[in-house]
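Peer 1: Here you go, this is protein_27.pdb (PDB, N, CA and C atoms).
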```pdb
ATOM      1  N   MET A   1      10.857 149.610 -52.067
ATOM      2  CA  MET A   1      11.718 148.460 -51.855
ATOM      3  C   MET A   1      12.525 148.692 -50.578
ATOM      4  N   GLN A   2      12.636 147.643 -49.795
ATOM      5  CA  GLN A   2      13.334 147.747 -48.516
ATOM      6  C   GLN A   2      14.739 147.164 -48.643
ATOM      7  N   ALA A   3      15.725 147.846 -48.043
ATOM      8  CA  ALA A   3      17.116 147.389 -48.105
ATOM      9  C   ALA A   3      17.290 146.144 -47.244
ATOM     10  N   ALA A   4      18.248 145.323 -47.633
ATOM     11  CA  ALA A   4      18.560 144.120 -46.868
ATOM     12  C   ALA A   4      19.135 144.526 -45.513
ATOM     13  N   PRO A   5      18.824 143.775 -44.471
ATOM     14  CA  PRO A   5      19.368 144.121 -43.158
ATOM     15  C   PRO A   5      20.888 143.970 -43.125
ATOM     16  N   VAL A   6      21.522 144.817 -42.370
ATOM     17  CA  VAL A   6      22.980 144.786 -42.237
ATOM     18  C   VAL A   6      23.342 143.896 -41.060
ATOM     19  N   ARG A   7      24.296 142.989 -41.281
ATOM     20  CA  ARG A   7      24.732 142.100 -40.204
ATOM     21  C   ARG A   7      25.626 142.874 -39.242
ATOM     22  N   ALA A   8      25.387 142.700 -37.970
ATOM     23  CA  ALA A   8      26.199 143.375 -36.966
ATOM     24  C   ALA A   8      27.540 142.681 -36.778
ATOM     25  N   THR A   9      27.569 141.380 -37.026
ATOM     26  CA  THR A   9      28.819 140.624 -36.888
ATOM     27  C   THR A   9      29.190 140.045 -38.247
ATOM     28  N   PRO A  10      30.491 140.054 -38.568
ATOM     29  CA  PRO A  10      30.913 139.500 -39.858
ATOM     30  C   PRO A  10      30.735 137.981 -39.884
ATOM     31  N   ILE A  11      30.573 137.447 -41.080
ATOM     32  CA  ILE A  11      30.476 135.995 -41.256
ATOM     33  C   ILE A  11      31.854 135.405 -40.974
ATOM     34  N   PRO A  12      31.920 134.382 -40.114
ATOM     35  CA  PRO A  12      33.238 133.807 -39.798
ATOM     36  C   PRO A  12      33.876 133.157 -41.030
ATOM     37  N   THR A  13      35.182 133.240 -41.086
ATOM     38  CA  THR A  13      35.914 132.610 -42.180
ATOM     39  C   THR A  13      36.111 131.131 -41.885
ATOM     40  N   PHE A  14      36.563 130.404 -42.871
ATOM     41  CA  PHE A  14      36.842 128.984 -42.698
ATOM     42  C   PHE A  14      37.904 128.787 -41.622
ATOM     43  N   THR A  15      38.906 129.656 -41.610
ATOM     44  CA  THR A  15      39.970 129.578 -40.595
ATOM     45  C   THR A  15      39.395 129.785 -39.198
ATOM     46  N   ASP A  16      38.493 130.748 -39.073
ATOM     47  CA  ASP A  16      37.852 130.974 -37.773
ATOM     48  C   ASP A  16      37.097 129.731 -37.321
ATOM     49  N   ALA A  17      36.405 129.086 -38.246
ATOM     50  CA  ALA A  17      35.658 127.877 -37.912
ATOM     51  C   ALA A  17      36.601 126.758 -37.473
ATOM     52  N   LEU A  18      37.722 126.597 -38.184
ATOM     53  CA  LEU A  18      38.688 125.565 -37.798
ATOM     54  C   LEU A  18      39.267 125.835 -36.414
ATOM     55  N   ARG A  19      39.562 127.086 -36.132
ATOM     56  CA  ARG A  19      40.097 127.428 -34.811
ATOM     57  C   ARG A  19      39.075 127.160 -33.713
ATOM     58  N   ALA A  20      37.803 127.411 -33.998
ATOM     59  CA  ALA A  20      36.761 127.141 -33.008
ATOM     60  C   ALA A  20      36.664 125.650 -32.724
ATOM     61  N   VAL A  21      36.700 124.830 -33.778
ATOM     62  CA  VAL A  21      36.659 123.376 -33.602
ATOM     63  C   VAL A  21      37.904 122.914 -32.850
ATOM     64  N   GLU A  22      39.048 123.462 -33.216
ATOM     65  CA  GLU A  22      40.293 123.114 -32.548
ATOM     66  C   GLU A  22      40.214 123.421 -31.052
ATOM     67  N   SER A  23      39.666 124.563 -30.700
ATOM     68  CA  SER A  23      39.594 124.931 -29.284
ATOM     69  C   SER A  23      38.655 124.007 -28.521
ATOM     70  N   LEU A  24      37.657 123.457 -29.198
ATOM     71  CA  LEU A  24      36.754 122.511 -28.539
ATOM     72  C   LEU A  24      37.405 121.147 -28.354
ATOM     73  N   LEU A  25      38.198 120.730 -29.343
ATOM     74  CA  LEU A  25      38.742 119.376 -29.332
ATOM     75  C   LEU A  25      40.078 119.239 -28.607
ATOM     76  N   LEU A  26      40.881 120.276 -28.621
ATOM     77  CA  LEU A  26      42.228 120.176 -28.069
ATOM     78  C   LEU A  26      42.386 121.052 -26.833
ATOM     79  N   SER A  27      43.195 120.599 -25.930
ATOM     80  CA  SER A  27      43.521 121.441 -24.780
ATOM     81  C   SER A  27      44.489 122.533 -25.236
ATOM     82  N   SER A  28      44.695 123.505 -24.398
ATOM     83  CA  SER A  28      45.569 124.630 -24.731
ATOM     84  C   SER A  28      46.987 124.161 -25.061
ATOM     85  N   GLY A  29      47.511 123.227 -24.260
ATOM     86  CA  GLY A  29      48.862 122.723 -24.502
ATOM     87  C   GLY A  29      48.989 122.009 -25.829
ATOM     88  N   GLN A  30      47.958 121.259 -26.204
ATOM     89  CA  GLN A  30      47.999 120.559 -27.492
ATOM     90  C   GLN A  30      47.954 121.545 -28.649
ATOM     91  N   ARG A  31      47.150 122.599 -28.511
ATOM     92  CA  ARG A  31      47.090 123.621 -29.565
ATOM     93  C   ARG A  31      48.443 124.283 -29.727
ATOM     94  N   THR A  32      49.069 124.615 -28.615
ATOM     95  CA  THR A  32      50.391 125.250 -28.660
ATOM     96  C   THR A  32      51.402 124.324 -29.317
ATOM     97  N   ALA A  33      51.374 123.047 -28.954
ATOM     98  CA  ALA A  33      52.305 122.082 -29.533
ATOM     99  C   ALA A  33      52.084 121.949 -31.041
ATOM    100  N   ARG A  34      50.829 121.906 -31.465
ATOM    101  CA  ARG A  34      50.526 121.779 -32.893
ATOM    102  C   ARG A  34      50.999 123.015 -33.654
ATOM    103  N   ARG A  35      50.755 124.180 -33.085
ATOM    104  CA  ARG A  35      51.199 125.414 -33.759
ATOM    105  C   ARG A  35      52.720 125.502 -33.810
ATOM    106  N   ASN A  36      53.380 125.079 -32.735
ATOM    107  CA  ASN A  36      54.844 125.070 -32.742
ATOM    108  C   ASN A  36      55.375 124.097 -33.787
ATOM    109  N   ALA A  37      54.729 122.937 -33.898
ATOM    110  CA  ALA A  37      55.149 121.952 -34.899
ATOM    111  C   ALA A  37      54.978 122.515 -36.301
ATOM    112  N   TRP A  38      53.858 123.180 -36.562
ATOM    113  CA  TRP A  38      53.616 123.749 -37.887
ATOM    114  C   TRP A  38      54.628 124.858 -38.185
ATOM    115  N   THR A  39      54.949 125.673 -37.194
ATOM    116  CA  THR A  39      55.960 126.714 -37.370
ATOM    117  C   THR A  39      57.301 126.087 -37.726
ATOM    118  N   SER A  40      57.631 124.967 -37.096
ATOM    119  CA  SER A  40      58.880 124.254 -37.407
ATOM    120  C   SER A  40      58.870 123.727 -38.831
ATOM    121  N   VAL A  41      57.731 123.202 -39.269
ATOM    122  CA  VAL A  41      57.621 122.710 -40.646
ATOM    123  C   VAL A  41      57.868 123.843 -41.628
ATOM    124  N   LEU A  42      57.240 124.990 -41.390
ATOM    125  CA  LEU A  42      57.420 126.133 -42.295
ATOM    126  C   LEU A  42      58.867 126.615 -42.307
ATOM    127  N   GLU A  43      59.500 126.616 -41.137
ATOM    128  CA  GLU A  43      60.906 127.027 -41.060
ATOM    129  C   GLU A  43      61.805 126.033 -41.789
ATOM    130  N   ASP A  44      61.534 124.736 -41.648
ATOM    131  CA  ASP A  44      62.307 123.719 -42.369
ATOM    132  C   ASP A  44      62.170 123.898 -43.874
ATOM    133  N   ARG A  45      60.966 124.191 -44.329
ATOM    134  CA  ARG A  45      60.743 124.422 -45.770
ATOM    135  C   ARG A  45      61.529 125.629 -46.248
ATOM    136  N   ARG A  46      61.545 126.696 -45.429
ATOM    137  CA  ARG A  46      62.291 127.902 -45.805
ATOM    138  C   ARG A  46      63.777 127.606 -45.903
ATOM    139  N   ARG A  47      64.306 126.855 -44.911
ATOM    140  CA  ARG A  47      65.730 126.508 -44.946
ATOM    141  C   ARG A  47      66.059 125.618 -46.146
ATOM    142  N   ALA A  48      65.178 124.680 -46.476
ATOM    143  CA  ALA A  48      65.400 123.819 -47.645
ATOM    144  C   ALA A  48      65.423 124.648 -48.923
ATOM    145  N   LYS A  49      64.526 125.598 -49.023
ATOM    146  CA  LYS A  49      64.497 126.484 -50.196
ATOM    147  C   LYS A  49      65.796 127.285 -50.282
ATOM    148  N   ASP A  50      66.268 127.784 -49.134
ATOM    149  CA  ASP A  50      67.526 128.529 -49.105
ATOM    150  C   ASP A  50      68.702 127.644 -49.513
ATOM    151  N   ARG A  51      68.715 126.380 -49.061
ATOM    152  CA  ARG A  51      69.797 125.454 -49.430
ATOM    153  C   ARG A  51      69.814 125.207 -50.932
ATOM    154  N   VAL A  52      68.637 125.015 -51.514
ATOM    155  CA  VAL A  52      68.553 124.783 -52.959
ATOM    156  C   VAL A  52      69.077 126.002 -53.715
ATOM    157  N   GLU A  53      68.686 127.179 -53.268
ATOM    158  CA  GLU A  53      69.152 128.406 -53.923
ATOM    159  C   GLU A  53      70.662 128.562 -53.779
ATOM    160  N   ALA A  54      71.213 128.287 -52.601
ATOM    161  CA  ALA A  54      72.657 128.386 -52.395
ATOM    162  C   ALA A  54      73.395 127.388 -53.280
ATOM    163  N   GLN A  55      72.865 126.168 -53.386
ATOM    164  CA  GLN A  55      73.476 125.149 -54.242
ATOM    165  C   GLN A  55      73.480 125.598 -55.700
ATOM    166  N   ARG A  56      72.373 126.190 -56.136
ATOM    167  CA  ARG A  56      72.286 126.672 -57.519
ATOM    168  C   ARG A  56      73.321 127.760 -57.778
ATOM    169  N   VAL A  57      73.473 128.688 -56.840
ATOM    170  CA  VAL A  57      74.443 129.779 -57.001
ATOM    171  C   VAL A  57      75.867 129.221 -57.024
ATOM    172  N   LEU A  58      76.160 128.270 -56.122
ATOM    173  CA  LEU A  58      77.500 127.676 -56.105
ATOM    174  C   LEU A  58      77.810 126.936 -57.408
ATOM    175  N   GLU A  59      76.847 126.174 -57.904
ATOM    176  CA  GLU A  59      77.063 125.452 -59.160
ATOM    177  C   GLU A  59      77.249 126.413 -60.324
ATOM    178  N   GLN A  60      76.466 127.482 -60.332
ATOM    179  CA  GLN A  60      76.588 128.477 -61.395
ATOM    180  C   GLN A  60      77.952 129.166 -61.325
ATOM    181  N   THR A  61      78.405 129.487 -60.124
ATOM    182  CA  THR A  61      79.705 130.129 -59.940
ATOM    183  C   THR A  61      80.826 129.190 -60.371
ATOM    184  N   PHE A  62      80.731 127.921 -59.990
ATOM    185  CA  PHE A  62      81.745 126.928 -60.346
ATOM    186  C   PHE A  62      81.802 126.752 -61.863
ATOM    187  N   THR A  63      80.651 126.682 -62.494
ATOM    188  CA  THR A  63      80.604 126.510 -63.960
ATOM    189  C   THR A  63      81.206 127.726 -64.655
ATOM    190  N   THR A  64      80.893 128.920 -64.171
ATOM    191  CA  THR A  64      81.401 130.164 -64.766
ATOM    192  C   THR A  64      82.918 130.252 -64.557
ATOM    193  N   ALA A  65      83.416 129.855 -63.390
ATOM    194  CA  ALA A  65      84.851 129.944 -63.091
ATOM    195  C   ALA A  65      85.654 128.963 -63.935
ATOM    196  N   ARG A  66      85.083 127.843 -64.298
ATOM    197  CA  ARG A  66      85.797 126.846 -65.103
ATOM    198  C   ARG A  66      85.983 127.304 -66.541
ATOM    199  N   HIS A  67      85.107 128.160 -67.021
ATOM    200  CA  HIS A  67      85.187 128.569 -68.440
ATOM    201  C   HIS A  67      86.034 129.759 -68.601
TER
END
```
In structure tokens, how does this file's structure come out?
Peer 2:
Amino acid sequence: MQAAPVRATPIPTFTDALRAVESLLLSSGQRTARRNAWTSVLEDRRRAKDRVEAQRVLEQTFTTARH
């Protein structure tokens, strides 16, 4: 029985494929702008999560202090 041939290059991931399509369709400046926008979205989500947590702690502290 003969062993299966070993691939010299790894199979690209879905992310790699999306990046390849992106590089074909968008100019460098557009890619940078899109990535910056996505980074801003993620940062906004993080800040919103932090605000919710801070609000929860403040409400818990206020409730505990009243009793």
Peer 1: I need the helix (DSSP H, G or I) residues of chain A per DSSP on the backbone, written as a PyMOL selection string.
Peer 2: chain A and resi 14-25+28-66
Peer 1: Figure out the distance between atom CA of A:Val21 and atom CA of A:Ala33, please, to one decimal in Å.
Peer 2: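 We find that atom CA of A:Ala33 and atom CA of A:Val21 lie 16.2 Å from each other.
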Peer 1: Near A:Arg35, counting only C-alpha atoms, which residues have an atom at most 12 Å away, once you skip same-chain residues fewer than 5 positions from it, shown as a PyMOL selection string?
Peer 2: chain A and resi 19+22+26+28-30+40-42
Peer 1: What is the atom CA of A:Thr63 to atom CA of A:Arg51 distance in Å?
Peer 2: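 Separation of atom CA of A:Thr63 and atom CA of A:Arg51: 18.1 Å.
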Peer 1: Just the number, please: distance in Å from atom C of A:Leu18 to atom N of A:Arg31, one decimal.
Peer 2: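 Computing it gives 11.6 Å between the two atoms.
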